[in-house]
file input.pdb (PDB, C-alpha atoms and all ligand atoms)
ATOM      1  CA  MET A  90      25.282  10.403 -16.618  1.00  0.00           C
ATOM      2  CA  THR A  91      25.162   7.184 -14.718  1.00  0.00           C
ATOM      3  CA  SER A  92      28.476   5.866 -15.795  1.00  0.00           C
ATOM      4  CA  GLU A  93      28.561   3.678 -12.710  1.00  0.00           C
ATOM      5  CA  SER A  94      25.969   1.419 -14.238  1.00  0.00           C
ATOM      6  CA  LEU A  95      28.421   0.448 -16.937  1.00  0.00           C
ATOM      7  CA  HIS A  96      30.586  -1.736 -14.844  1.00  0.00           C
ATOM      8  CA  PRO A  97      33.770  -2.845 -16.446  1.00  0.00           C
ATOM      9  CA  VAL A  98      33.120  -6.283 -15.004  1.00  0.00           C
ATOM     10  CA  SER A  99      30.418  -7.116 -17.496  1.00  0.00           C
ATOM     11  CA  GLY A 100      32.474  -9.958 -18.851  1.00  0.00           C
ATOM     12  CA  PRO A 101      30.078 -12.890 -18.567  1.00  0.00           C
ATOM     13  CA  ALA A 102      27.123 -11.155 -20.150  1.00  0.00           C
ATOM     14  CA  ARG A 103      29.209  -9.958 -23.014  1.00  0.00           C
ATOM     15  CA  ARG A 104      30.618 -13.397 -23.584  1.00  0.00           C
ATOM     16  CA  THR A 105      27.126 -14.807 -23.867  1.00  0.00           C
ATOM     17  CA  VAL A 106      26.239 -12.310 -26.543  1.00  0.00           C
ATOM     18  CA  VAL A 107      29.397 -12.939 -28.494  1.00  0.00           C
ATOM     19  CA  ALA A 108      29.014 -16.703 -28.321  1.00  0.00           C
ATOM     20  CA  ALA A 109      25.518 -16.429 -29.698  1.00  0.00           C
ATOM     21  CA  VAL A 110      26.833 -14.808 -32.825  1.00  0.00           C
ATOM     22  CA  GLY A 111      28.458 -18.032 -33.897  1.00  0.00           C
ATOM     23  CA  ALA A 112      31.820 -19.383 -34.899  1.00  0.00           C
ATOM     24  CA  ALA A 113      33.292 -15.989 -35.562  1.00  0.00           C
ATOM     25  CA  GLY A 114      32.893 -15.100 -31.946  1.00  0.00           C
ATOM     26  CA  LEU A 115      34.191 -18.381 -30.667  1.00  0.00           C
ATOM     27  CA  ALA A 116      37.817 -17.354 -30.509  1.00  0.00           C
ATOM     28  CA  VAL A 117      36.897 -14.267 -28.600  1.00  0.00           C
ATOM     29  CA  ALA A 118      34.748 -16.298 -26.286  1.00  0.00           C
ATOM     30  CA  LEU A 119      37.591 -18.638 -25.566  1.00  0.00           C
ATOM     31  CA  THR A 120      39.962 -15.839 -24.839  1.00  0.00           C
ATOM     32  CA  ALA A 121      37.490 -14.191 -22.552  1.00  0.00           C
ATOM     33  CA  CYS A 122      36.959 -17.415 -20.706  1.00  0.00           C
ATOM     34  CA  GLY A 123      39.456 -16.646 -18.001  1.00  0.00           C
ATOM     35  CA  SER A 124      37.081 -15.894 -15.210  1.00  0.00           C
ATOM     36  CA  ASP A 125      34.375 -18.475 -15.174  1.00  0.00           C
ATOM     37  CA  ASP A 126      31.807 -17.201 -12.781  1.00  0.00           C
ATOM     38  CA  LYS A 127      28.459 -18.701 -13.459  1.00  0.00           C
ATOM     39  CA  ALA A 128      26.560 -15.604 -12.563  1.00  0.00           C
ATOM     40  CA  SER A 129      25.139 -15.078 -16.000  1.00  0.00           C
ATOM     41  CA  ASP A 130      23.353 -11.946 -15.063  1.00  0.00           C
ATOM     42  CA  THR A 131      21.017 -11.346 -17.923  1.00  0.00           C
ATOM     43  CA  VAL A 132      19.187  -8.859 -15.770  1.00  0.00           C
ATOM     44  CA  ASN A 133      21.401  -5.918 -15.215  1.00  0.00           C
ATOM     45  CA  PRO A 134      21.014  -4.777 -11.630  1.00  0.00           C
ATOM     46  CA  GLY A 135      22.761  -1.552 -12.409  1.00  0.00           C
ATOM     47  CA  ASP A 136      19.957   0.270 -14.119  1.00  0.00           C
ATOM     48  CA  GLY A 137      17.422   0.672 -11.399  1.00  0.00           C
ATOM     49  CA  GLY A 138      18.102   4.344 -11.138  1.00  0.00           C
ATOM     50  CA  THR A 139      15.092   5.917 -12.690  1.00  0.00           C
ATOM     51  CA  GLY A 140      12.702   4.817  -9.978  1.00  0.00           C
ATOM     52  CA  GLY A 141      10.240   2.832 -12.044  1.00  0.00           C
ATOM     53  CA  SER A 142       7.200   4.994 -12.213  1.00  0.00           C
ATOM     54  CA  SER A 143       4.709   2.314 -12.991  1.00  0.00           C
ATOM     55  CA  SER A 144       1.631   4.263 -12.164  1.00  0.00           C
ATOM     56  CA  GLY A 145      -0.610   1.416 -11.181  1.00  0.00           C
ATOM     57  CA  GLY A 146      -2.874   3.672  -9.225  1.00  0.00           C
ATOM     58  CA  THR A 147      -6.147   2.996 -10.884  1.00  0.00           C
ATOM     59  CA  ASP A 148      -6.579  -0.627 -10.142  1.00  0.00           C
ATOM     60  CA  SER A 149      -9.606  -2.820 -10.397  1.00  0.00           C
ATOM     61  CA  GLY A 150     -12.093  -0.004 -10.603  1.00  0.00           C
ATOM     62  CA  ALA A 151     -15.490  -0.078  -9.019  1.00  0.00           C
ATOM     63  CA  GLY A 152     -15.962  -1.672  -5.678  1.00  0.00           C
ATOM     64  CA  GLY A 153     -12.488  -3.093  -5.516  1.00  0.00           C
ATOM     65  CA  GLY A 154     -11.054  -1.026  -2.688  1.00  0.00           C
ATOM     66  CA  THR A 155      -9.939  -2.333   0.635  1.00  0.00           C
ATOM     67  CA  GLU A 156     -12.567  -1.869   3.243  1.00  0.00           C
ATOM     68  CA  LEU A 157     -11.186   0.066   6.120  1.00  0.00           C
ATOM     69  CA  ALA A 158     -14.148   0.340   8.377  1.00  0.00           C
ATOM     70  CA  LYS A 159     -17.868   0.621   8.635  1.00  0.00           C
ATOM     71  CA  THR A 160     -19.222   4.098   8.903  1.00  0.00           C
ATOM     72  CA  ALA A 161     -20.652   3.071  12.251  1.00  0.00           C
ATOM     73  CA  ASP A 162     -17.100   2.483  13.516  1.00  0.00           C
ATOM     74  CA  ILE A 163     -16.249   6.147  13.203  1.00  0.00           C
ATOM     75  CA  PRO A 164     -17.797   8.215  15.941  1.00  0.00           C
ATOM     76  CA  GLU A 165     -19.312  11.520  14.977  1.00  0.00           C
ATOM     77  CA  GLY A 166     -17.027  14.335  16.058  1.00  0.00           C
ATOM     78  CA  GLY A 167     -14.295  11.784  16.557  1.00  0.00           C
ATOM     79  CA  GLY A 168     -12.460   9.280  14.509  1.00  0.00           C
ATOM     80  CA  LYS A 169     -10.339   6.219  14.454  1.00  0.00           C
ATOM     81  CA  VAL A 170      -6.709   5.497  13.725  1.00  0.00           C
ATOM     82  CA  PHE A 171      -5.869   2.589  11.445  1.00  0.00           C
ATOM     83  CA  ALA A 172      -2.282   1.917  12.286  1.00  0.00           C
ATOM     84  CA  ASP A 173      -1.731  -0.782   9.677  1.00  0.00           C
ATOM     85  CA  GLN A 174      -2.850   1.474   6.890  1.00  0.00           C
ATOM     86  CA  GLY A 175      -1.323   4.594   8.419  1.00  0.00           C
ATOM     87  CA  VAL A 176      -4.494   6.583   8.186  1.00  0.00           C
ATOM     88  CA  VAL A 177      -6.862   8.245  10.523  1.00  0.00           C
ATOM     89  CA  VAL A 178     -10.513   8.481   9.559  1.00  0.00           C
ATOM     90  CA  THR A 179     -12.705  11.124  11.101  1.00  0.00           C
ATOM     91  CA  GLN A 180     -16.311  12.125  10.995  1.00  0.00           C
ATOM     92  CA  PRO A 181     -16.259  15.826  11.730  1.00  0.00           C
ATOM     93  CA  ALA A 182     -19.935  16.144  10.929  1.00  0.00           C
ATOM     94  CA  ALA A 183     -22.668  13.575  10.636  1.00  0.00           C
ATOM     95  CA  GLY A 184     -22.254  11.631   7.436  1.00  0.00           C
ATOM     96  CA  SER A 185     -19.069  13.424   6.450  1.00  0.00           C
ATOM     97  CA  PHE A 186     -15.954  11.312   6.544  1.00  0.00           C
ATOM     98  CA  LYS A 187     -12.407  12.483   6.148  1.00  0.00           C
ATOM     99  CA  ALA A 188      -9.117  10.680   6.162  1.00  0.00           C
ATOM    100  CA  PHE A 189      -5.584  11.810   6.765  1.00  0.00           C
ATOM    101  CA  SER A 190      -2.188  10.328   7.210  1.00  0.00           C
ATOM    102  CA  SER A 191      -1.861   9.207  10.801  1.00  0.00           C
ATOM    103  CA  LYS A 192       1.795  10.155  10.838  1.00  0.00           C
ATOM    104  CA  CYS A 193       2.343  13.333  12.770  1.00  0.00           C
ATOM    105  CA  THR A 194       4.081  15.960  10.676  1.00  0.00           C
ATOM    106  CA  HIS A 195       6.224  16.949  13.615  1.00  0.00           C
ATOM    107  CA  GLN A 196       8.411  13.915  14.152  1.00  0.00           C
ATOM    108  CA  GLY A 197       6.412  11.101  12.726  1.00  0.00           C
ATOM    109  CA  CYS A 198       4.632   9.627  15.705  1.00  0.00           C
ATOM    110  CA  ALA A 199       1.301   8.030  15.052  1.00  0.00           C
ATOM    111  CA  VAL A 200      -1.488  10.316  16.063  1.00  0.00           C
ATOM    112  CA  LYS A 201      -4.201   9.005  18.250  1.00  0.00           C
ATOM    113  CA  GLY A 202      -7.122  10.195  20.186  1.00  0.00           C
ATOM    114  CA  ILE A 203      -9.660  12.071  18.149  1.00  0.00           C
ATOM    115  CA  ALA A 204     -12.151  14.054  20.119  1.00  0.00           C
ATOM    116  CA  ASP A 205     -14.169  17.192  19.596  1.00  0.00           C
ATOM    117  CA  GLY A 206     -12.936  17.528  16.068  1.00  0.00           C
ATOM    118  CA  VAL A 207      -9.301  17.445  17.075  1.00  0.00           C
ATOM    119  CA  ILE A 208      -6.698  14.807  16.319  1.00  0.00           C
ATOM    120  CA  THR A 209      -3.975  14.657  18.919  1.00  0.00           C
ATOM    121  CA  CYS A 210      -0.431  13.388  18.694  1.00  0.00           C
ATOM    122  CA  PRO A 211       0.668  11.766  21.936  1.00  0.00           C
ATOM    123  CA  CYS A 212       4.358  12.503  21.501  1.00  0.00           C
ATOM    124  CA  HIS A 213       4.535  16.233  21.900  1.00  0.00           C
ATOM    125  CA  GLY A 214       0.927  17.219  21.962  1.00  0.00           C
ATOM    126  CA  SER A 215       0.382  18.541  18.481  1.00  0.00           C
ATOM    127  CA  GLN A 216      -3.219  18.858  17.509  1.00  0.00           C
ATOM    128  CA  PHE A 217      -4.789  18.759  14.091  1.00  0.00           C
ATOM    129  CA  SER A 218      -8.198  19.567  12.778  1.00  0.00           C
ATOM    130  CA  ALA A 219     -10.282  16.473  12.163  1.00  0.00           C
ATOM    131  CA  THR A 220     -11.980  18.370   9.362  1.00  0.00           C
ATOM    132  CA  ASP A 221      -9.046  19.305   7.176  1.00  0.00           C
ATOM    133  CA  GLY A 222      -5.942  18.095   8.973  1.00  0.00           C
ATOM    134  CA  SER A 223      -4.655  21.601   9.602  1.00  0.00           C
ATOM    135  CA  VAL A 224      -2.537  22.325  12.642  1.00  0.00           C
ATOM    136  CA  LYS A 225      -4.479  23.475  15.644  1.00  0.00           C
ATOM    137  CA  LYS A 226      -1.598  23.396  18.031  1.00  0.00           C
ATOM    138  CA  GLY A 227       2.154  22.897  17.681  1.00  0.00           C
ATOM    139  CA  PRO A 228       4.875  21.918  17.751  1.00  0.00           C
ATOM    140  CA  ALA A 229       3.814  20.521  14.370  1.00  0.00           C
ATOM    141  CA  THR A 230       3.690  23.175  11.704  1.00  0.00           C
ATOM    142  CA  LYS A 231       2.364  21.246   8.751  1.00  0.00           C
ATOM    143  CA  ALA A 232      -1.092  19.836   8.237  1.00  0.00           C
ATOM    144  CA  LEU A 233      -1.693  16.140   8.121  1.00  0.00           C
ATOM    145  CA  PRO A 234      -1.868  15.176   4.467  1.00  0.00           C
ATOM    146  CA  ALA A 235      -5.247  13.968   3.332  1.00  0.00           C
ATOM    147  CA  ALA A 236      -5.707  10.308   2.530  1.00  0.00           C
ATOM    148  CA  LYS A 237      -8.135   9.064  -0.056  1.00  0.00           C
ATOM    149  CA  ILE A 238     -11.174   7.175   1.006  1.00  0.00           C
ATOM    150  CA  THR A 239     -14.450   6.398  -0.595  1.00  0.00           C
ATOM    151  CA  VAL A 240     -17.650   5.749   1.235  1.00  0.00           C
ATOM    152  CA  GLU A 241     -19.994   3.250  -0.296  1.00  0.00           C
ATOM    153  CA  GLY A 242     -23.116   2.651   1.674  1.00  0.00           C
ATOM    154  CA  ASP A 243     -21.934   1.909   5.176  1.00  0.00           C
ATOM    155  CA  SER A 244     -18.494   0.905   4.069  1.00  0.00           C
ATOM    156  CA  ILE A 245     -15.432   3.125   4.128  1.00  0.00           C
ATOM    157  CA  LYS A 246     -12.776   2.071   1.687  1.00  0.00           C
ATOM    158  CA  LEU A 247      -9.270   3.132   1.173  1.00  0.00           C
ATOM    159  CA  ALA A 248      -9.075   4.436  -2.345  1.00  0.00           C
TER     160      ALA A 248
HETATM  161 FE1  LIG A 301       3.691  14.469  16.989  1.00  0.00          FE
HETATM  162 FE2  LIG A 301       5.913  15.556  18.020  1.00  0.00          FE
HETATM  163  S1  LIG A 301       5.710  13.803  16.780  1.00  0.00           S
HETATM  164  S2  LIG A 301       3.876  16.180  18.264  1.00  0.00           S
END
call {"tool": "encode", "arguments": {"input": "input.pdb", "output": "structure tokens", "more": "lines below"}}
Ligand code: FES
result
Amino acid sequence: MTSESLHPVSGPARRTVVAAVGAAGLAVALTACGSDDKASDTVNPGDGGTGGSSSGGTDSGAGGGTELAKTADIPEGGGKVFADQGVVVTQPAAGSFKAFSSKCTHQGCAVKGIADGVITCPCHGSQFSATDGSVKKGPATKALPAAKITVEGDSIKLA
């Protein structure tokens, strides 16, 4: 029921349609010609409500991901925060790489400092498991959501 999208001020667009019909519409067009604003908005800005779910998730397929780091960049038992991408990548065990959102679930600070399998948030001291993102210590109560990475050879890519 988005009646707001049907603005009563759709004069110009309507006039265009009517004029295209031909001579029959001409009289109407002339009458409607009172307000001559040249904003011939053919694209209706009013209908952006349904949050365009263009699921473009699976793009470019094999080998097309953005390389985040080399596996050698991620210390075993530790990890690294990639602030630009908003992820933290950890290596809780040799050869096993995990990634999580780097945004603390408490109040949204960026976590930093991964040591001994624990990811720490500097703001209020929450700690998360570097293995599964679960809360080790509050005040945060929710686990860090996992982020998707793929490891190809020595390259860690954001999926
Ligand atoms: Fe991370 Fe408060 S925002 S502990």
call {"tool": "closest_residue", "arguments": {"input": "input.pdb", "among": "A:Ala188, A:Val224, A:Ala183, A:Leu157", "to": "ligand LIG 301 (chain A)", "atoms": "only C-alpha atoms and all ligand atoms"}}
result
A:Val224
call {"tool": "resolve_selection", "arguments": {"input": "input.pdb", "expression": "the PyMOL selection byres (((chain A and resi 227) around 9) and not hetatm)", "output": "VMD selection string"}}
result
chain A and resid 195 213 to 217 224 to 226 228 to 230
call {"tool": "atom_distance", "arguments": {"input": "input.pdb", "atom1": "atom CA of Gly197 of chain A", "atom2": "atom CA of Cys212 of chain A"}}
result
9.1 Å
call {"tool": "resolve_selection", "arguments": {"input": "input.pdb", "expression": "the PyMOL selection byres (((chain A and resi 191) around 6) and not hetatm)", "output": "PyMOL selection string"}}
result
chain A and resi 175-177+190+192+199-200
call {"tool": "atom_distance", "arguments": {"input": "input.pdb", "atom1": "atom CA of Phe186 of chain A", "atom2": "atom CA of Val240 of chain A"}}
result
7.9 Å
call {"tool": "resolve_selection", "arguments": {"input": "input.pdb", "expression": "the PyMOL selection byres (((chain A and resi 220) around 12) and not hetatm)", "output": "ChimeraX atom specification"}}
result
/A:165-168,177-183,185-189,203-208,216-219,221-225,232-235
call {"tool": "closest_residue", "arguments": {"input": "input.pdb", "among": "A:Ile163, A:Thr209, A:Gly154, A:Gly202", "to": "ligand LIG 301 (chain A)", "atoms": "all atoms listed in the file"}}
result
A:Thr209
call {"tool": "atom_distance", "arguments": {"input": "input.pdb", "atom1": "atom CA of Lys231 of chain A", "atom2": "atom FE2 of ligand LIG 301 (chain A)"}}
result
11.4 Å
call {"tool": "closest_residue", "arguments": {"input": "input.pdb", "among": "A:Lys169, A:Pro211, A:Thr155, A:Lys201", "to": "ligand LIG 301 (chain A)", "atoms": "all atoms listed in the file"}}
result
A:Pro211
